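*Asks:* My structure is in coords_10.pdb, and what it holds is PDB, C-alpha atoms:
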```pdb
ATOM      1  CA  MET A  30     151.414  75.632 -47.033  1.00  0.00           C
ATOM      2  CA  ALA A  31     153.778  74.622 -49.818  1.00  0.00           C
ATOM      3  CA  HIS A  32     155.203  78.117 -50.114  1.00  0.00           C
ATOM      4  CA  TYR A  33     155.506  78.553 -46.363  1.00  0.00           C
ATOM      5  CA  ALA A  34     157.319  75.209 -46.081  1.00  0.00           C
ATOM      6  CA  THR A  35     159.660  76.126 -48.938  1.00  0.00           C
ATOM      7  CA  GLY A  36     160.505  79.388 -47.235  1.00  0.00           C
ATOM      8  CA  PHE A  37     161.322  77.887 -43.872  1.00  0.00           C
ATOM      9  CA  VAL A  38     162.898  74.464 -44.451  1.00  0.00           C
ATOM     10  CA  SER A  39     166.592  73.970 -43.805  1.00  0.00           C
ATOM     11  CA  GLU A  40     169.062  75.066 -46.460  1.00  0.00           C
ATOM     12  CA  GLU A  41     169.956  71.421 -47.107  1.00  0.00           C
ATOM     13  CA  ILE A  42     166.357  70.545 -47.994  1.00  0.00           C
ATOM     14  CA  ALA A  43     165.793  73.820 -49.877  1.00  0.00           C
ATOM     15  CA  ASN A  44     168.686  72.949 -52.194  1.00  0.00           C
ATOM     16  CA  HIS A  45     166.683  69.922 -53.404  1.00  0.00           C
ATOM     17  CA  ILE A  46     163.557  71.954 -54.204  1.00  0.00           C
ATOM     18  CA  LYS A  47     163.392  72.992 -57.852  1.00  0.00           C
ATOM     19  CA  ARG A  48     159.933  74.550 -57.656  1.00  0.00           C
ATOM     20  CA  SER A  49     157.197  74.831 -55.053  1.00  0.00           C
ATOM     21  CA  ASP A  50     153.669  74.818 -56.498  1.00  0.00           C
ATOM     22  CA  SER A  51     150.584  76.021 -54.672  1.00  0.00           C
ATOM     23  CA  PHE A  52     147.161  75.216 -56.090  1.00  0.00           C
ATOM     24  CA  ASP A  53     144.795  77.962 -54.916  1.00  0.00           C
ATOM     25  CA  GLY A  54     146.180  77.830 -51.400  1.00  0.00           C
ATOM     26  CA  PRO A  55     146.108  80.943 -49.246  1.00  0.00           C
ATOM     27  CA  GLY A  56     149.312  82.897 -49.439  1.00  0.00           C
ATOM     28  CA  ILE A  57     151.813  84.015 -46.874  1.00  0.00           C
ATOM     29  CA  GLN A  58     151.237  87.160 -44.840  1.00  0.00           C
ATOM     30  CA  VAL A  59     153.045  90.020 -46.474  1.00  0.00           C
ATOM     31  CA  SER A  60     155.296  90.589 -43.443  1.00  0.00           C
ATOM     32  CA  MET A  61     156.753  87.101 -43.881  1.00  0.00           C
ATOM     33  CA  TYR A  62     158.184  88.029 -47.283  1.00  0.00           C
ATOM     34  CA  ASP A  63     160.737  90.083 -45.344  1.00  0.00           C
ATOM     35  CA  PHE A  64     162.388  86.955 -43.933  1.00  0.00           C
ATOM     36  CA  PRO A  65     165.785  86.544 -45.654  1.00  0.00           C
ATOM     37  CA  GLN A  66     165.382  82.828 -46.371  1.00  0.00           C
ATOM     38  CA  LEU A  67     162.024  83.434 -48.068  1.00  0.00           C
ATOM     39  CA  GLN A  68     163.498  86.292 -50.107  1.00  0.00           C
ATOM     40  CA  LEU A  69     166.189  83.921 -51.392  1.00  0.00           C
ATOM     41  CA  ARG A  70     163.644  81.234 -52.329  1.00  0.00           C
ATOM     42  CA  LYS A  71     160.873  83.403 -53.833  1.00  0.00           C
ATOM     43  CA  LYS A  72     161.927  82.522 -57.368  1.00  0.00           C
ATOM     44  CA  LYS A  73     161.068  78.867 -56.632  1.00  0.00           C
ATOM     45  CA  LEU A  74     157.448  79.683 -55.761  1.00  0.00           C
ATOM     46  CA  LEU A  75     154.710  79.234 -58.380  1.00  0.00           C
ATOM     47  CA  LYS A  76     151.028  79.634 -57.665  1.00  0.00           C
ATOM     48  CA  PHE A  77     148.082  78.382 -59.718  1.00  0.00           C
ATOM     49  CA  ILE A  78     144.716  80.042 -59.081  1.00  0.00           C
ATOM     50  CA  PRO A  79     141.361  79.963 -60.878  1.00  0.00           C
ATOM     51  CA  GLU A  80     140.254  83.215 -62.511  1.00  0.00           C
ATOM     52  CA  ASN A  81     137.657  83.939 -59.801  1.00  0.00           C
ATOM     53  CA  SER A  82     139.923  82.820 -56.973  1.00  0.00           C
ATOM     54  CA  VAL A  83     138.935  83.665 -53.424  1.00  0.00           C
ATOM     55  CA  ILE A  84     140.976  81.236 -51.290  1.00  0.00           C
ATOM     56  CA  GLY A  85     144.175  81.559 -53.319  1.00  0.00           C
ATOM     57  CA  ARG A  86     144.129  85.346 -53.116  1.00  0.00           C
ATOM     58  CA  ILE A  87     144.051  85.488 -49.326  1.00  0.00           C
ATOM     59  CA  PHE A  88     147.319  87.076 -48.125  1.00  0.00           C
ATOM     60  CA  ASP A  89     148.755  87.194 -51.632  1.00  0.00           C
ATOM     61  CA  PHE A  90     149.367  90.773 -52.621  1.00  0.00           C
ATOM     62  CA  GLU A  91     152.121  90.140 -55.144  1.00  0.00           C
ATOM     63  CA  GLU A  92     150.955  89.277 -58.645  1.00  0.00           C
ATOM     64  CA  LYS A  93     154.255  87.596 -59.508  1.00  0.00           C
ATOM     65  CA  ASN A  94     154.689  83.906 -60.295  1.00  0.00           C
ATOM     66  CA  ILE A  95     150.943  83.322 -60.623  1.00  0.00           C
ATOM     67  CA  VAL A  96     149.273  81.212 -63.313  1.00  0.00           C
ATOM     68  CA  ILE A  97     145.554  81.958 -63.705  1.00  0.00           C
ATOM     69  CA  VAL A  98     143.469  78.982 -64.825  1.00  0.00           C
ATOM     70  CA  LYS A  99     140.016  78.864 -66.427  1.00  0.00           C
ATOM     71  CA  SER A 100     137.423  76.968 -64.381  1.00  0.00           C
ATOM     72  CA  THR A 101     133.936  75.569 -64.967  1.00  0.00           C
ATOM     73  CA  ALA A 102     132.853  76.553 -61.434  1.00  0.00           C
ATOM     74  CA  LYS A 103     132.154  79.966 -59.928  1.00  0.00           C
ATOM     75  CA  LEU A 104     133.417  81.830 -56.865  1.00  0.00           C
ATOM     76  CA  ILE A 105     134.519  79.681 -53.918  1.00  0.00           C
ATOM     77  CA  PHE A 106     133.620  76.472 -55.776  1.00  0.00           C
ATOM     78  CA  GLU A 107     136.535  77.150 -58.139  1.00  0.00           C
ATOM     79  CA  HIS A 108     138.767  76.056 -55.274  1.00  0.00           C
ATOM     80  CA  ASP A 109     137.992  72.481 -56.424  1.00  0.00           C
ATOM     81  CA  LEU A 110     140.840  71.620 -58.820  1.00  0.00           C
ATOM     82  CA  TYR A 111     138.586  69.180 -60.681  1.00  0.00           C
ATOM     83  CA  THR A 112     136.743  72.202 -62.123  1.00  0.00           C
ATOM     84  CA  TRP A 113     139.919  73.602 -63.712  1.00  0.00           C
ATOM     85  CA  LEU A 114     140.083  73.271 -67.488  1.00  0.00           C
ATOM     86  CA  ILE A 115     142.833  71.212 -69.098  1.00  0.00           C
ATOM     87  CA  GLN A 116     143.563  70.949 -72.810  1.00  0.00           C
ATOM     88  CA  ASP A 117     146.298  68.781 -74.308  1.00  0.00           C
ATOM     89  CA  GLY A 118     147.651  68.023 -70.828  1.00  0.00           C
ATOM     90  CA  GLN A 119     148.032  71.711 -69.900  1.00  0.00           C
ATOM     91  CA  PHE A 120     145.900  74.101 -67.875  1.00  0.00           C
ATOM     92  CA  VAL A 121     143.772  76.458 -69.964  1.00  0.00           C
ATOM     93  CA  CYS A 122     145.027  79.837 -68.765  1.00  0.00           C
ATOM     94  CA  VAL A 123     143.735  83.404 -68.861  1.00  0.00           C
ATOM     95  CA  ASP A 124     145.693  86.650 -68.682  1.00  0.00           C
ATOM     96  CA  LYS A 125     144.306  88.025 -65.442  1.00  0.00           C
ATOM     97  CA  ALA A 126     142.060  87.290 -62.504  1.00  0.00           C
ATOM     98  CA  SER A 127     138.480  88.521 -62.658  1.00  0.00           C
ATOM     99  CA  SER A 128     137.325  91.811 -61.202  1.00  0.00           C
ATOM    100  CA  MET A 129     135.367  89.798 -58.602  1.00  0.00           C
ATOM    101  CA  SER A 130     138.592  88.062 -57.545  1.00  0.00           C
ATOM    102  CA  HIS A 131     140.345  91.443 -57.208  1.00  0.00           C
ATOM    103  CA  PHE A 132     137.411  92.824 -55.217  1.00  0.00           C
ATOM    104  CA  VAL A 133     137.358  89.877 -52.809  1.00  0.00           C
ATOM    105  CA  SER A 134     141.154  89.909 -52.473  1.00  0.00           C
ATOM    106  CA  GLU A 135     141.329  93.625 -51.687  1.00  0.00           C
ATOM    107  CA  THR A 136     138.345  93.461 -49.333  1.00  0.00           C
ATOM    108  CA  ILE A 137     139.815  90.529 -47.399  1.00  0.00           C
ATOM    109  CA  ALA A 138     143.228  92.243 -47.267  1.00  0.00           C
ATOM    110  CA  THR A 139     141.625  95.368 -45.796  1.00  0.00           C
ATOM    111  CA  LEU A 140     139.644  93.257 -43.345  1.00  0.00           C
ATOM    112  CA  ASN A 141     142.768  91.331 -42.317  1.00  0.00           C
ATOM    113  CA  ASN A 142     144.769  94.517 -41.797  1.00  0.00           C
ATOM    114  CA  SER A 143     141.948  96.193 -39.849  1.00  0.00           C
ATOM    115  CA  LEU A 144     141.304  93.489 -37.252  1.00  0.00           C
ATOM    116  CA  ASP A 145     143.498  92.597 -34.299  1.00  0.00           C
ATOM    117  CA  ASP A 146     144.759  89.021 -33.942  1.00  0.00           C
ATOM    118  CA  ALA A 147     142.500  88.259 -30.956  1.00  0.00           C
ATOM    119  CA  THR A 148     139.358  89.124 -32.955  1.00  0.00           C
ATOM    120  CA  LYS A 149     140.520  87.038 -35.920  1.00  0.00           C
ATOM    121  CA  LYS A 150     141.262  84.074 -33.652  1.00  0.00           C
ATOM    122  CA  GLU A 151     137.904  84.348 -31.872  1.00  0.00           C
ATOM    123  CA  CYS A 152     136.026  84.361 -35.185  1.00  0.00           C
ATOM    124  CA  LEU A 153     138.011  81.528 -36.741  1.00  0.00           C
ATOM    125  CA  ASP A 154     137.625  79.367 -33.637  1.00  0.00           C
ATOM    126  CA  SER A 155     133.872  79.926 -33.514  1.00  0.00           C
ATOM    127  CA  LEU A 156     133.535  79.382 -37.273  1.00  0.00           C
ATOM    128  CA  TYR A 157     135.411  76.092 -36.966  1.00  0.00           C
ATOM    129  CA  THR A 158     133.091  74.999 -34.148  1.00  0.00           C
ATOM    130  CA  ILE A 159     130.026  75.915 -36.207  1.00  0.00           C
ATOM    131  CA  THR A 160     131.252  74.172 -39.373  1.00  0.00           C
ATOM    132  CA  GLN A 161     131.558  70.933 -37.432  1.00  0.00           C
ATOM    133  CA  THR A 162     127.733  70.866 -37.342  1.00  0.00           C
ATOM    134  CA  LEU A 163     127.298  71.174 -41.127  1.00  0.00           C
ATOM    135  CA  ASP A 164     126.167  68.306 -43.328  1.00  0.00           C
ATOM    136  CA  GLY A 165     128.860  66.990 -45.638  1.00  0.00           C
ATOM    137  CA  VAL A 166     132.542  66.298 -45.288  1.00  0.00           C
ATOM    138  CA  TYR A 167     133.677  68.212 -48.374  1.00  0.00           C
ATOM    139  CA  MET A 168     132.778  71.678 -49.657  1.00  0.00           C
ATOM    140  CA  ALA A 169     130.880  70.117 -52.575  1.00  0.00           C
ATOM    141  CA  ASP A 170     128.814  68.052 -50.115  1.00  0.00           C
ATOM    142  CA  ALA A 171     128.133  71.064 -47.914  1.00  0.00           C
ATOM    143  CA  SER A 172     127.070  73.149 -50.906  1.00  0.00           C
ATOM    144  CA  SER A 173     124.488  70.588 -52.009  1.00  0.00           C
ATOM    145  CA  GLN A 174     122.842  71.028 -48.593  1.00  0.00           C
ATOM    146  CA  TRP A 175     123.250  74.806 -48.538  1.00  0.00           C
ATOM    147  CA  LYS A 176     119.724  75.656 -47.310  1.00  0.00           C
ATOM    148  CA  LYS A 177     120.072  73.362 -44.317  1.00  0.00           C
ATOM    149  CA  ASN A 178     123.633  74.490 -43.649  1.00  0.00           C
ATOM    150  CA  ILE A 179     122.747  78.208 -43.740  1.00  0.00           C
ATOM    151  CA  LYS A 180     120.204  77.533 -40.991  1.00  0.00           C
ATOM    152  CA  LEU A 181     122.866  75.663 -39.002  1.00  0.00           C
ATOM    153  CA  LEU A 182     125.326  78.555 -39.445  1.00  0.00           C
ATOM    154  CA  VAL A 183     122.760  81.106 -38.251  1.00  0.00           C
ATOM    155  CA  LYS A 184     121.833  78.866 -35.316  1.00  0.00           C
ATOM    156  CA  GLY A 185     125.524  78.460 -34.447  1.00  0.00           C
ATOM    157  CA  LEU A 186     126.065  82.219 -34.504  1.00  0.00           C
ATOM    158  CA  LYS A 187     123.007  82.766 -32.294  1.00  0.00           C
ATOM    159  CA  GLU A 188     124.364  80.234 -29.783  1.00  0.00           C
ATOM    160  CA  ALA A 189     127.913  81.627 -29.861  1.00  0.00           C
ATOM    161  CA  THR A 190     129.503  83.110 -26.765  1.00  0.00           C
ATOM    162  CA  PRO A 191     128.982  86.843 -26.168  1.00  0.00           C
ATOM    163  CA  SER A 192     132.628  87.557 -27.026  1.00  0.00           C
ATOM    164  CA  SER A 193     132.299  85.585 -30.294  1.00  0.00           C
ATOM    165  CA  LYS A 194     129.146  87.509 -31.180  1.00  0.00           C
ATOM    166  CA  GLU A 195     130.925  90.793 -30.500  1.00  0.00           C
ATOM    167  CA  SER A 196     133.875  89.701 -32.657  1.00  0.00           C
ATOM    168  CA  TRP A 197     131.524  88.709 -35.475  1.00  0.00           C
ATOM    169  CA  LYS A 198     129.780  92.097 -35.283  1.00  0.00           C
ATOM    170  CA  GLN A 199     133.157  93.797 -35.615  1.00  0.00           C
ATOM    171  CA  VAL A 200     134.088  91.554 -38.567  1.00  0.00           C
ATOM    172  CA  ALA A 201     130.747  92.184 -40.312  1.00  0.00           C
ATOM    173  CA  LYS A 202     131.051  95.956 -39.865  1.00  0.00           C
ATOM    174  CA  THR A 203     134.681  96.040 -41.023  1.00  0.00           C
ATOM    175  CA  PHE A 204     133.936  93.714 -43.950  1.00  0.00           C
ATOM    176  CA  GLY A 205     131.051  95.924 -45.062  1.00  0.00           C
ATOM    177  CA  GLN A 206     133.200  99.050 -44.893  1.00  0.00           C
ATOM    178  CA  ALA A 207     136.049  97.325 -46.752  1.00  0.00           C
ATOM    179  CA  GLY A 208     133.662  96.052 -49.419  1.00  0.00           C
ATOM    180  CA  LEU A 209     132.235  99.524 -49.969  1.00  0.00           C
ATOM    181  CA  SER A 210     135.707 101.030 -50.268  1.00  0.00           C
ATOM    182  CA  HIS A 211     136.740  98.463 -52.912  1.00  0.00           C
ATOM    183  CA  HIS A 212     133.486  98.146 -54.880  1.00  0.00           C
ATOM    184  CA  LYS A 213     134.951 100.068 -57.846  1.00  0.00           C
ATOM    185  CA  THR A 214     137.275  97.122 -58.581  1.00  0.00           C
ATOM    186  CA  LEU A 215     134.190  95.175 -59.680  1.00  0.00           C
ATOM    187  CA  PHE A 216     134.006  97.346 -62.773  1.00  0.00           C
ATOM    188  CA  ILE A 217     137.626  96.962 -63.903  1.00  0.00           C
ATOM    189  CA  LYS A 218     137.893  95.284 -67.293  1.00  0.00           C
TER     190      LYS A 218
END
```
What's the structure tokens form of this structure?
*Replies:*
Amino acid sequence: MAHYATGFVSEEIANHIKRSDSFDGPGIQVSMYDFPQLQLRKKKLLKFIPENSVIGRIFDFEEKNIVIVKSTAKLIFEHDLYTWLIQDGQFVCVDKASSMSHFVSETIATLNNSLDDATKKECLDSLYTITQTLDGVYMADASSQWKKNIKLLVKGLKEATPSSKESWKQVAKTFGQAGLSHHKTLFIK
């Protein structure tokens, strides 16, 4: 959101922005980088992601202006900034994202590029509806009740509308194919 806002605020406001930081937020769709005002302001954008980032790698295909931070958590739980390591008031950084992060990023990018907007919207809307039934307000709360919440997710998918079920089948198939095509990135050192 921070980078999107920086790219599309008025010139008057943009002149007051020295730097726009994003902390593991999803990026901007690649097509938006073509907008002239975003091109002019790209140098102001800085992104911090954990080494196994999932969320922060969504839509971000450029590896520029990214700081990769060591975390005590794994996978999606690294999205919690309180798991990021700090030493002497500075983030503890690593040189590159993990192979798992690259795999997830490339798989999601392929999935995103392979699905039409209507299918994506249908799935996101139904996922939002289902997540409203989960225990816990925050991701950490939901994860502590994961067994119960998995059952609620499955139940929600079973009770979804026929069009939502069809969209989810398409997503699952496309995701599986994308994952298979990118599995070699898991072995990159």
*Asks:* In Å to one decimal, how far is CA of Val121 in chain A from CA of Gln58 in chain A?
*Replies:*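 It comes out at 28.3 Å.
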*Asks:* Let me make sure I understand: among A:Asp124, A:Asp109, A:Glu40, A:Glu195, which one has the smallest atom-to-atom distance to Pro65 in chain A if we use only C-alpha atoms?
*Replies:*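 Going through A:Asp124, A:Asp109, A:Glu40, A:Glu195 one by one, the smallest distance to Pro65 in chain A is for A:Glu40.
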*Asks:* Just checking: using all atoms listed in the file, which residue out of A:Val96, A:Ile87, A:Val183, A:Met129 ends up closest to Asn142 in chain A?
*Replies:*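 Checking each candidate against Asn142 in chain A, we get A:Ile87 as the closest.
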*Asks:* Taking all atoms listed in the file into account, which of A:Lys176, A:Lys149, A:Lys125, A:Arg48 comes nearest Lys73 in chain A?
*Replies:*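 For Lys73 in chain A, the nearest of the candidates is A:Arg48.
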*Asks:* Restricting the calculation to only C-alpha atoms, which member of A:Tyr62, A:Ile159, A:Val133, A:Ser196 is positioned closest to Ile179 in chain A?
*Replies:* A:Ile159
*Asks:* Closest to Leu153 in chain A among A:Gln66, A:Asn44, A:Ser193, A:Ser82, using only C-alpha atoms?
*Replies:*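 Closest to Leu153 in chain A, using only C-alpha atoms: A:Ser193.
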*Asks:* So that I can see what lies close to Leu74 in chain A, please list as a ChimeraX atom specification the residues with an atom at most 10 Å from it, counting all atoms listed in the file and leaving out residues fewer than 2 positions away in the same chain.
*Replies:* /A:31-33,35-36,46-51,67,70-72,76,93-95
*Asks:* Which residue out of A:Phe64, A:Trp197, A:Phe132, A:Tyr157 has the minimum interatomic distance to His211 in chain A when only C-alpha atoms are used?
*Replies:* A:Phe132
*Asks:* Emit as lines of an AutoDock Vina configuration file the padded axis-aligned box for all listed atoms of range 98-117 of chain A, 5 Å per side, with centre and edge lengths in Å to one decimal.
*Replies:*
```
center_x = 139.2
center_y = 75.3
center_z = -64.1
size_x = 24.1
size_y = 23.0
size_z = 30.4
```
*Asks:* What separation in Å, quoted to one decimal, exists between CA of Thr203 in chain A and CA of Gln161 in chain A?
*Replies:*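 CA of Gln161 in chain A lies 25.6 Å from CA of Thr203 in chain A.
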*Asks:* In Å to one decimal, how far is CA of Phe37 in chain A from CA of Thr136 in chain A?
*Replies:*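 For CA of Thr136 in chain A relative to CA of Phe37 in chain A, the distance reads 28.3 Å.
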*Asks:* Residues picked by the PyMOL selection byres ((chain A and resi 204) around 10) here, as a PyMOL selection string?
*Replies:* chain A and resi 136-141+143-144+198-203+205-210
*Asks:* Could you state which residues are captured by the PyMOL selection byres ((chain A and resi 104) around 8) in this file, as a ChimeraX atom specification?
*Replies:* /A:81-83,102-103,105-107
